[in-house]
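Peer 1: Next up, query_11.txt (compact mmCIF, C-alpha atoms).
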# COMPACT_ATOMS: atom_id res chain seq x y z
CA MET J 364 0.00 0.00 0.00
CA ALA J 365 1.37 3.32 -1.03
CA MET J 366 1.67 5.76 1.78
CA LYS J 367 0.28 9.19 1.29
CA THR J 368 3.10 11.70 1.04
CA PRO J 369 2.67 14.39 3.60
CA GLU J 370 1.99 17.83 2.23
CA ILE J 371 5.08 19.94 1.82
CA ASN J 372 5.06 23.15 3.74
CA ALA J 373 5.05 25.98 1.22
CA SER J 374 5.26 28.87 3.64
CA SER J 375 8.94 29.41 2.84
CA ASN J 376 8.03 29.97 -0.78
CA ALA J 377 7.40 33.62 -0.07
CA ASP J 378 10.78 33.95 1.59
CA ILE J 379 12.58 32.52 -1.41
CA ALA J 380 10.68 34.81 -3.74
CA PHE J 381 11.48 37.77 -1.53
CA LEU J 382 15.14 36.87 -1.62
CA LEU J 383 15.17 36.78 -5.42
CA LEU J 384 13.15 39.98 -5.54
CA ALA J 385 15.64 41.74 -3.30
CA PHE J 386 18.47 40.56 -5.53
CA PHE J 387 16.90 41.89 -8.70
CA LEU J 388 15.87 45.08 -6.99
CA ALA J 389 19.47 45.67 -6.04
CA THR J 390 20.97 44.84 -9.42
CA THR J 391 18.40 46.60 -11.58
CA THR J 392 19.55 49.64 -13.43
CA MET J 393 16.68 51.15 -15.27
CA ASN J 394 18.51 54.18 -16.55
CA VAL J 395 17.90 54.64 -20.22
CA ASP J 396 20.73 56.13 -22.20
CA SER J 397 20.14 59.72 -23.08
CA GLY J 398 22.01 62.41 -24.88
CA LEU J 399 22.08 64.73 -27.85
CA PHE J 400 21.53 62.99 -31.16
CA ARG J 401 23.49 64.15 -34.18
CA ARG J 402 24.09 62.96 -37.70
CA LEU J 403 27.62 63.23 -39.00
CA PRO J 404 28.26 64.36 -42.54
CA PRO J 405 29.57 61.58 -44.78
CA TYR J 406 33.30 61.35 -45.14
CA MET J 407 34.83 62.88 -48.22
CA GLU J 408 38.46 62.98 -49.03
CA ASN J 409 39.98 66.41 -49.51
CA ALA J 410 36.57 67.96 -49.40
CA GLU J 411 36.69 71.65 -49.97
CA ALA J 412 34.55 73.78 -47.76
CA PRO J 413 31.67 75.18 -49.76
CA LYS J 414 31.70 78.92 -50.19
CA VAL J 415 29.07 80.59 -48.08
CA ALA J 416 28.31 84.27 -47.94
CA LYS J 417 29.50 85.92 -44.77
CA ARG J 418 26.06 87.09 -43.75
CA ASN J 419 24.85 83.48 -43.69
CA ILE J 420 27.34 82.31 -41.11
CA LEU J 421 27.20 82.60 -37.37
CA GLN J 422 30.64 81.75 -36.17
CA VAL J 423 30.83 80.14 -32.76
CA LEU J 424 34.33 79.50 -31.50
CA VAL J 425 35.34 77.77 -28.32
CA ASN J 426 39.00 78.04 -27.45
CA ARG J 427 41.25 75.93 -25.29
CA ASN J 428 40.36 77.81 -22.13
CA ASP J 429 36.69 77.08 -22.73
CA GLN J 430 36.05 80.67 -23.65
CA LEU J 431 33.37 81.26 -26.21
CA SER J 432 33.17 83.84 -28.95
CA ILE J 433 30.31 84.59 -31.31
CA ASN J 434 31.35 86.31 -34.53
CA GLY J 435 34.61 87.31 -32.93
CA GLU J 436 33.24 88.78 -29.71
CA LEU J 437 33.62 87.11 -26.37
CA ALA J 438 30.28 85.87 -25.10
CA ASP J 439 28.73 83.75 -22.40
CA VAL J 440 27.42 80.25 -23.15
CA SER J 441 23.95 81.16 -21.96
CA THR J 442 23.60 83.75 -24.72
CA VAL J 443 24.19 81.28 -27.55
CA LYS J 444 20.54 80.26 -27.70
CA GLN J 445 19.21 83.79 -28.06
CA ARG J 446 21.87 84.80 -30.56
CA THR J 447 21.16 81.74 -32.69
CA ILE J 448 17.43 82.42 -32.74
CA GLU J 449 17.95 86.06 -33.69
CA PHE J 450 20.43 85.04 -36.36
CA ILE J 451 18.39 82.29 -38.00
CA LEU J 452 15.01 84.02 -37.95
CA ASN J 453 16.30 87.46 -39.01
CA THR J 454 12.89 88.95 -38.34
CA ASN J 455 13.61 92.44 -39.66
CA ASN J 456 15.43 91.17 -42.78
CA SER J 457 18.63 92.98 -41.97
CA GLN J 458 21.45 92.89 -44.48
CA ASP J 459 24.06 91.34 -42.24
CA LYS J 460 21.86 88.45 -41.19
CA PRO J 461 21.08 85.39 -43.34
CA SER J 462 19.16 85.60 -46.58
CA LYS J 463 16.03 83.54 -47.10
CA LYS J 464 14.69 81.39 -49.86
CA ILE J 465 11.19 80.26 -50.68
CA VAL J 466 10.82 76.51 -50.65
CA GLU J 467 7.77 74.43 -51.28
CA ILE J 468 7.24 72.02 -48.45
CA PRO J 469 4.61 69.29 -48.25
CA LEU J 470 1.81 69.98 -45.73
CA ILE J 471 2.87 73.60 -45.37
CA GLY J 472 3.26 74.93 -48.89
CA ASN J 473 5.59 77.74 -49.76
CA ALA J 474 7.64 78.80 -46.79
CA GLU J 475 10.58 81.04 -46.11
CA VAL J 476 13.64 79.04 -45.18
CA SER J 477 16.66 80.72 -43.70
CA ASN J 478 20.01 80.15 -45.35
CA GLY J 479 21.79 80.63 -42.04
CA ILE J 480 24.44 78.21 -40.91
CA VAL J 481 25.88 78.00 -37.46
CA SER J 482 29.54 77.19 -37.70
CA LEU J 483 30.78 75.58 -34.53
CA GLN J 484 34.49 75.35 -34.10
CA SER J 485 36.25 73.90 -31.12
CA ASP J 486 39.86 73.63 -30.14
CA LYS J 487 41.62 70.33 -29.55
CA SER J 488 41.87 71.24 -25.87
CA THR J 489 38.29 72.37 -25.41
CA SER J 490 36.66 70.29 -22.71
CA TYR J 491 33.81 67.99 -23.59
CA ALA J 492 31.62 69.53 -20.89
CA MET J 493 31.91 72.94 -22.57
CA TYR J 494 31.25 71.47 -25.99
CA ILE J 495 28.10 69.76 -24.77
CA ALA J 496 26.96 72.99 -23.11
CA VAL J 497 27.21 74.77 -26.47
CA GLN J 498 25.53 71.93 -28.34
CA ASP J 499 22.79 71.97 -25.73
CA GLN J 500 22.20 75.68 -26.32
CA LEU J 501 22.06 75.17 -30.08
CA THR J 502 19.61 72.30 -29.73
CA ALA J 503 17.48 74.42 -27.43
CA ALA J 504 17.51 77.29 -29.93
CA PHE J 505 16.36 75.15 -32.84
CA HIS J 506 13.82 73.35 -30.71
CA GLU J 507 12.31 76.64 -29.61
CA MET J 508 12.08 77.94 -33.17
CA ARG J 509 10.45 74.73 -34.36
CA ASN J 510 8.07 74.81 -31.45
CA LYS J 511 6.99 78.35 -32.29
CA ARG J 512 6.57 77.52 -35.93
CA SER J 513 4.49 74.43 -35.24
CA ASN J 514 2.28 76.42 -32.88
CA ILE J 515 1.63 78.94 -35.65
CA GLN J 516 1.00 76.21 -38.20
CA TRP J 517 -1.03 73.70 -36.25
CA GLY J 518 -1.47 75.16 -32.78
CA LYS J 519 0.41 72.25 -31.29
CA ASP J 520 3.78 71.80 -29.68
CA TYR J 521 6.54 70.33 -31.81
CA ASP J 522 6.73 67.28 -29.59
CA ASP J 523 3.03 66.50 -30.15
CA LEU J 524 3.20 66.55 -33.94
CA THR J 525 2.92 63.52 -36.18
CA ASP J 526 6.04 62.28 -37.94
CA GLU J 527 5.08 63.87 -41.26
CA GLN J 528 4.37 67.22 -39.66
CA ARG J 529 7.65 67.07 -37.82
CA THR J 530 9.55 66.36 -41.03
CA ALA J 531 7.85 69.35 -42.62
CA ILE J 532 8.80 71.63 -39.76
CA ASN J 533 12.34 70.32 -39.87
CA LYS J 534 12.47 71.43 -43.48
CA VAL J 535 11.24 74.92 -42.66
CA ILE J 536 13.79 75.23 -39.88
CA PRO J 537 16.66 72.94 -40.75
CA MET J 538 19.29 72.44 -38.12
CA ASN J 539 22.26 73.73 -40.04
CA VAL J 540 25.13 73.32 -37.66
CA SER J 541 28.42 72.81 -39.36
CA GLU J 542 31.42 71.59 -37.48
CA ALA J 543 34.69 72.54 -38.99
CA GLU J 544 37.77 70.43 -38.51
CA PRO J 545 39.27 71.31 -35.19
CA LYS J 546 42.17 73.67 -35.13
CA ASN J 547 44.34 75.05 -32.48
CA ILE J 548 42.63 78.36 -32.00
CA LYS J 549 44.99 80.98 -30.78
CA LYS J 550 44.52 83.09 -27.68
CA MET K 551 -35.61 50.84 14.80
CA ALA K 552 -33.62 48.15 13.27
CA ASN K 553 -32.08 45.94 15.70
CA PHE K 554 -28.64 44.78 14.97
CA LYS K 555 -27.56 41.78 16.76
CA LYS K 556 -24.21 42.13 18.22
CA GLY K 557 -22.60 38.85 18.70
CA GLY K 558 -20.53 38.91 21.78
CA LYS K 559 -16.83 38.48 21.16
CA ARG K 560 -16.19 37.61 17.58
CA GLU K 561 -12.61 37.03 16.53
CA THR K 562 -11.43 38.62 13.35
CA PRO K 563 -10.48 35.84 11.01
CA ALA K 564 -6.79 35.66 10.19
CA ILE K 565 -5.97 37.18 6.85
CA SER K 566 -4.83 34.54 4.48
CA THR K 567 -1.31 35.09 3.30
CA ALA K 568 -1.54 32.39 0.69
CA SER K 569 -1.48 34.94 -2.16
CA LEU K 570 1.60 36.67 -0.83
CA PRO K 571 4.00 34.51 -2.83
CA ASP K 572 1.98 35.26 -5.95
CA ILE K 573 2.32 38.99 -5.44
CA VAL K 574 6.00 38.72 -4.74
CA PHE K 575 6.53 36.52 -7.77
CA MET K 576 4.72 39.06 -9.88
CA LEU K 577 7.10 41.78 -8.70
CA LEU K 578 10.01 39.44 -9.18
CA PHE K 579 9.11 38.78 -12.79
CA PHE K 580 8.71 42.48 -13.43
CA PHE K 581 12.17 43.24 -12.16
CA MET K 582 13.65 40.25 -13.94
CA ALA K 583 12.25 41.52 -17.20
CA ALA K 584 13.21 45.13 -16.60
CA THR K 585 16.72 44.38 -15.42
CA THR K 586 19.63 44.97 -17.68
CA MET K 587 22.82 43.96 -16.07
CA ARG K 588 25.76 46.08 -16.97
CA GLU K 589 27.12 44.27 -19.98
CA VAL K 590 30.62 45.65 -19.88
CA SER K 591 32.74 46.45 -16.90
CA LEU K 592 33.92 50.01 -17.14
CA MET K 593 37.64 50.47 -17.34
CA VAL K 594 37.50 54.22 -17.75
CA GLN K 595 36.10 56.98 -15.62
CA ASN K 596 32.75 57.93 -16.97
CA SER K 597 30.93 60.84 -15.46
CA MET K 598 28.97 62.36 -18.29
CA PRO K 599 28.12 66.04 -18.58
CA GLU K 600 24.63 67.38 -18.08
CA ALA K 601 22.39 68.90 -20.71
CA GLU K 602 18.81 70.12 -20.83
CA GLN K 603 17.78 69.03 -24.30
CA THR K 604 18.61 65.34 -24.00
CA VAL K 605 16.48 62.74 -25.69
CA LYS K 606 16.21 59.12 -24.64
CA LEU K 607 17.57 56.37 -26.83
CA GLU K 608 14.53 54.19 -27.25
CA LYS K 609 15.85 51.06 -28.90
CA LYS K 610 18.57 49.50 -26.82
CA SER K 611 19.33 46.92 -29.47
CA LEU K 612 20.45 49.61 -31.91
CA VAL K 613 22.86 51.29 -29.53
CA SER K 614 26.55 50.56 -29.66
CA ASN K 615 28.60 52.12 -26.91
CA ILE K 616 31.96 53.82 -27.16
CA TYR K 617 33.45 54.85 -23.85
CA VAL K 618 36.12 57.48 -23.47
CA GLY K 619 37.77 58.66 -20.30
CA LYS K 620 40.73 58.38 -18.01
CA PRO K 621 41.52 54.78 -17.06
CA THR K 622 40.24 53.94 -13.60
CA ALA K 623 42.69 53.69 -10.71
CA GLN K 624 43.44 50.00 -11.13
CA TYR K 625 44.49 50.46 -14.76
CA GLN K 626 46.39 53.69 -14.37
CA ALA K 627 49.65 51.91 -13.60
CA SER K 628 49.69 50.14 -16.95
CA TYR K 629 47.74 52.53 -19.14
CA GLY K 630 48.58 55.96 -17.74
CA THR K 631 46.21 58.78 -17.02
CA GLN K 632 45.56 60.06 -20.52
CA PRO K 633 41.99 59.55 -21.78
CA ARG K 634 41.55 56.23 -23.52
CA ILE K 635 38.89 54.65 -25.69
CA GLN K 636 37.14 51.55 -24.45
CA LEU K 637 35.31 49.29 -26.86
CA ASN K 638 33.53 46.28 -25.38
CA ASP K 639 35.83 44.98 -22.67
CA HIS K 640 39.20 46.32 -23.62
CA PHE K 641 41.09 49.47 -24.37
CA ALA K 642 41.30 50.35 -28.00
CA SER K 643 43.08 52.72 -30.28
CA LEU K 644 41.58 54.90 -32.99
CA GLN K 645 42.33 52.36 -35.68
CA ASP K 646 40.20 49.76 -33.91
CA ILE K 647 37.04 51.80 -34.34
CA ASN K 648 36.61 50.81 -37.94
CA LEU K 649 36.72 47.13 -37.07
CA PHE K 650 34.44 47.69 -34.10
CA VAL K 651 31.83 49.38 -36.28
CA GLN K 652 31.98 46.51 -38.72
CA SER K 653 31.53 43.89 -36.04
CA GLU K 654 28.64 45.84 -34.55
CA GLU K 655 27.00 45.92 -37.95
CA GLU K 656 27.49 42.22 -38.47
CA ALA K 657 25.90 41.48 -35.12
CA ARG K 658 22.66 43.05 -36.24
CA SER K 659 20.10 42.13 -38.83
CA GLU K 660 20.25 43.51 -42.33
CA GLU K 661 17.54 46.14 -41.92
CA ASP K 662 18.92 47.42 -38.63
CA ARG K 663 22.43 48.01 -39.89
CA ASN K 664 22.03 51.58 -40.98
CA LYS K 665 20.04 52.45 -37.90
CA ILE K 666 22.83 51.82 -35.44
CA ILE K 667 23.45 54.71 -33.09
CA ASN K 668 26.96 55.13 -31.80
CA ASN K 669 26.51 56.25 -28.25
CA LEU K 670 29.56 58.26 -27.24
CA LYS K 671 29.84 57.96 -23.52
CA ILE K 672 32.50 60.47 -22.77
CA ASP K 673 33.78 61.74 -19.48
CA LYS K 674 33.26 65.46 -19.11
CA GLU K 675 36.92 66.15 -18.53
CA VAL K 676 38.03 64.67 -21.82
CA LYS K 677 39.35 67.15 -24.36
CA MET K 678 37.78 67.57 -27.79
CA GLY K 679 40.85 66.42 -29.71
CA ILE K 680 40.26 62.71 -29.18
CA ILE K 681 36.52 63.10 -29.69
CA THR K 682 36.99 64.75 -33.07
CA ASP K 683 39.34 61.95 -34.04
CA ILE K 684 36.69 59.40 -33.09
CA LYS K 685 34.06 61.25 -35.08
CA GLN K 686 36.40 61.33 -38.04
CA GLU K 687 36.93 57.56 -37.76
CA LEU K 688 33.18 56.98 -37.57
CA ARG K 689 32.71 59.06 -40.68
CA LYS K 690 35.32 57.00 -42.45
CA ALA K 691 33.56 53.83 -41.32
CA ASN K 692 30.33 55.34 -42.61
CA SER K 693 28.50 55.01 -39.33
CA LEU K 694 27.04 58.46 -39.10
CA ARG K 695 24.39 58.35 -36.41
CA ILE K 696 25.87 59.42 -33.12
CA ASN K 697 24.63 60.38 -29.72
CA TYR K 698 26.59 62.60 -27.39
CA GLY K 699 25.93 60.91 -24.09
CA ALA K 700 24.68 63.35 -21.48
CA ARG K 701 22.56 63.18 -18.41
CA LYS K 702 19.34 65.12 -18.16
CA LYS K 703 19.75 68.29 -16.17
CA LEU K 704 17.02 68.46 -13.55
Now, as a test, write the supplied structure out as structure tokens.
Peer 2:
Amino acid sequence: MAMKTPEINASSNADIAFLLLAFFLATTTMNVDSGLFRRLPPYMENAEAPKVAKRNILQVLVNRNDQLSINGELADVSTVKQRTIEFILNTNNSQDKPSKKIVEIPLIGNAEVSNGIVSLQSDKSTSYAMYIAVQDQLTAAFHEMRNKRSNIQWGKDYDDLTDEQRTAINKVIPMNVSEAEPKNIKK
Amino acid sequence: MANFKKGGKRETPAISTASLPDIVFMLLFFFMAATTMREVSLMVQNSMPEAEQTVKLEKKSLVSNIYVGKPTAQYQASYGTQPRIQLNDHFASLQDINLFVQSEEEARSEEDRNKIINNLKIDKEVKMGIITDIKQELRKANSLRINYGARKKL
């Protein structure tokens, strides 16, 4: 006659599960990578820099002492955003700010697109922290302009747009940031 | 008036804890699924700068990490204190980036290959010289999507 096996006490089950839970709680890192996304220009050998009219360039230099200059004048990092917006939009069509061209863009139609390019140049000894601070300001500037534009166009924030609308806005306000080859900037 | 009968001393029944393991297991599975163990051990110092406009990298499978920074204390004796590049689990030189990009591309499916994002995890004290060199190598390797690693400024 087979004996009935006694029931196994399962009250320690919870303890085991708790132990495992505590382990995973401790080892979990749920930080998602974040940062500033950029697309590099394709590599070309002996590429010559395209000629661009002076009025279409906003020159941002960062030297080895992490000092910043905009068009040759010393400036603070926090002003980069405002200067970029003023430069790109050129609201009163001044002669020393970028020219504009009319481009036909799907969803929007004919729109004025600025020819302005921000030229960012850093020294070999510029610190990465400073570089990111400048990049951050530039991103903020373009994001703000796009946001404004999308509010005029659709009454919505840029982040709430559909993908097609976002592409259209990106064409109206393209993020033209050019990074020259690094040089040893004097001073 | 309604008359409620009050039974003398009634003991509250003990709450059954039989479902406790189930709840705990549920939590356990959640954390097991959400956990990503650090896949490489860092050999360089890596405190990233802060920025306000950061975006999250949604697809982990498309991210390939490049670390740059000073070697940590235990490696400083053999590798010095100059910023070094770390790919996977070892120090690398600039020339290795091309090969690294290729192997990262081979590890992914055909349609994902041109969607790879090179996540540059760079210590904030590193100078731009080495970073520009890395960017130049990535351009040569034709892997053009990059992400400047930065933490969100709160």
Peer 1: Residues near region 659-673 of chain K, anyone? I mean within 7 Å using all atoms listed in the file, not counting same-chain ones fewer than 2 positions away, as a CSV table (one decimal) with C-alpha atoms, keeping the file's coordinate frame.
Peer 2:
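New file part19.csv:
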chain,number,residue,atom,x,y,z
K,595,GLN,CA,36.1,57.0,-15.6
K,596,ASN,CA,32.8,57.9,-17.0
K,597,SER,CA,30.9,60.8,-15.5
K,598,MET,CA,29.0,62.4,-18.3
K,612,LEU,CA,20.4,49.6,-31.9
K,613,VAL,CA,22.9,51.3,-29.5
K,614,SER,CA,26.6,50.6,-29.7
K,615,ASN,CA,28.6,52.1,-26.9
K,616,ILE,CA,32.0,53.8,-27.2
K,617,TYR,CA,33.4,54.8,-23.8
K,618,VAL,CA,36.1,57.5,-23.5
K,619,GLY,CA,37.8,58.7,-20.3
K,655,GLU,CA,27.0,45.9,-38.0
K,657,ALA,CA,25.9,41.5,-35.1
K,675,GLU,CA,36.9,66.2,-18.5
K,676,VAL,CA,38.0,64.7,-21.8
K,695,ARG,CA,24.4,58.4,-36.4
K,696,ILE,CA,25.9,59.4,-33.1
K,697,ASN,CA,24.6,60.4,-29.7
K,698,TYR,CA,26.6,62.6,-27.4
K,699,GLY,CA,25.9,60.9,-24.1
Peer 1: Measuring between all atoms listed in the file, which one of J:Leu470, J:Leu382, J:Ile515, J:Ala503 shows the shortest distance to chain K?
Peer 2: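 Among the listed residues, J:Ala503 lies closest to chain K.
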Peer 1: Would you mind listing what lies within 12 Å of Ser488 (chain J) as a count of residues only, with only C-alpha atoms counted and same-chain residues fewer than 2 positions away left out?
Peer 2: 27
Peer 1: Based on only C-alpha atoms, which of the residues in chain K come within 7 Å of chain J? I want them as a VMD selection string.
Peer 2: chain K and resid 570 to 571 574 to 575 578 581 to 582 585 to 587 599 601 to 607 674 to 679 689 to 690 692 694 to 701
Peer 1: In Å, rounded to a single decimal, give me how far CA of Asn539 (chain J) is from CA of Glu527 (chain J).
Peer 2: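 Distance between the two atoms: 19.8 Å.
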Peer 1: One decimal, Å: what's the distance from CA of Gly435 (chain J) over to CA of Lys417 (chain J), could you say?
Peer 2: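 Going from CA of Gly435 (chain J) over to CA of Lys417 (chain J), I get 13.0 Å.
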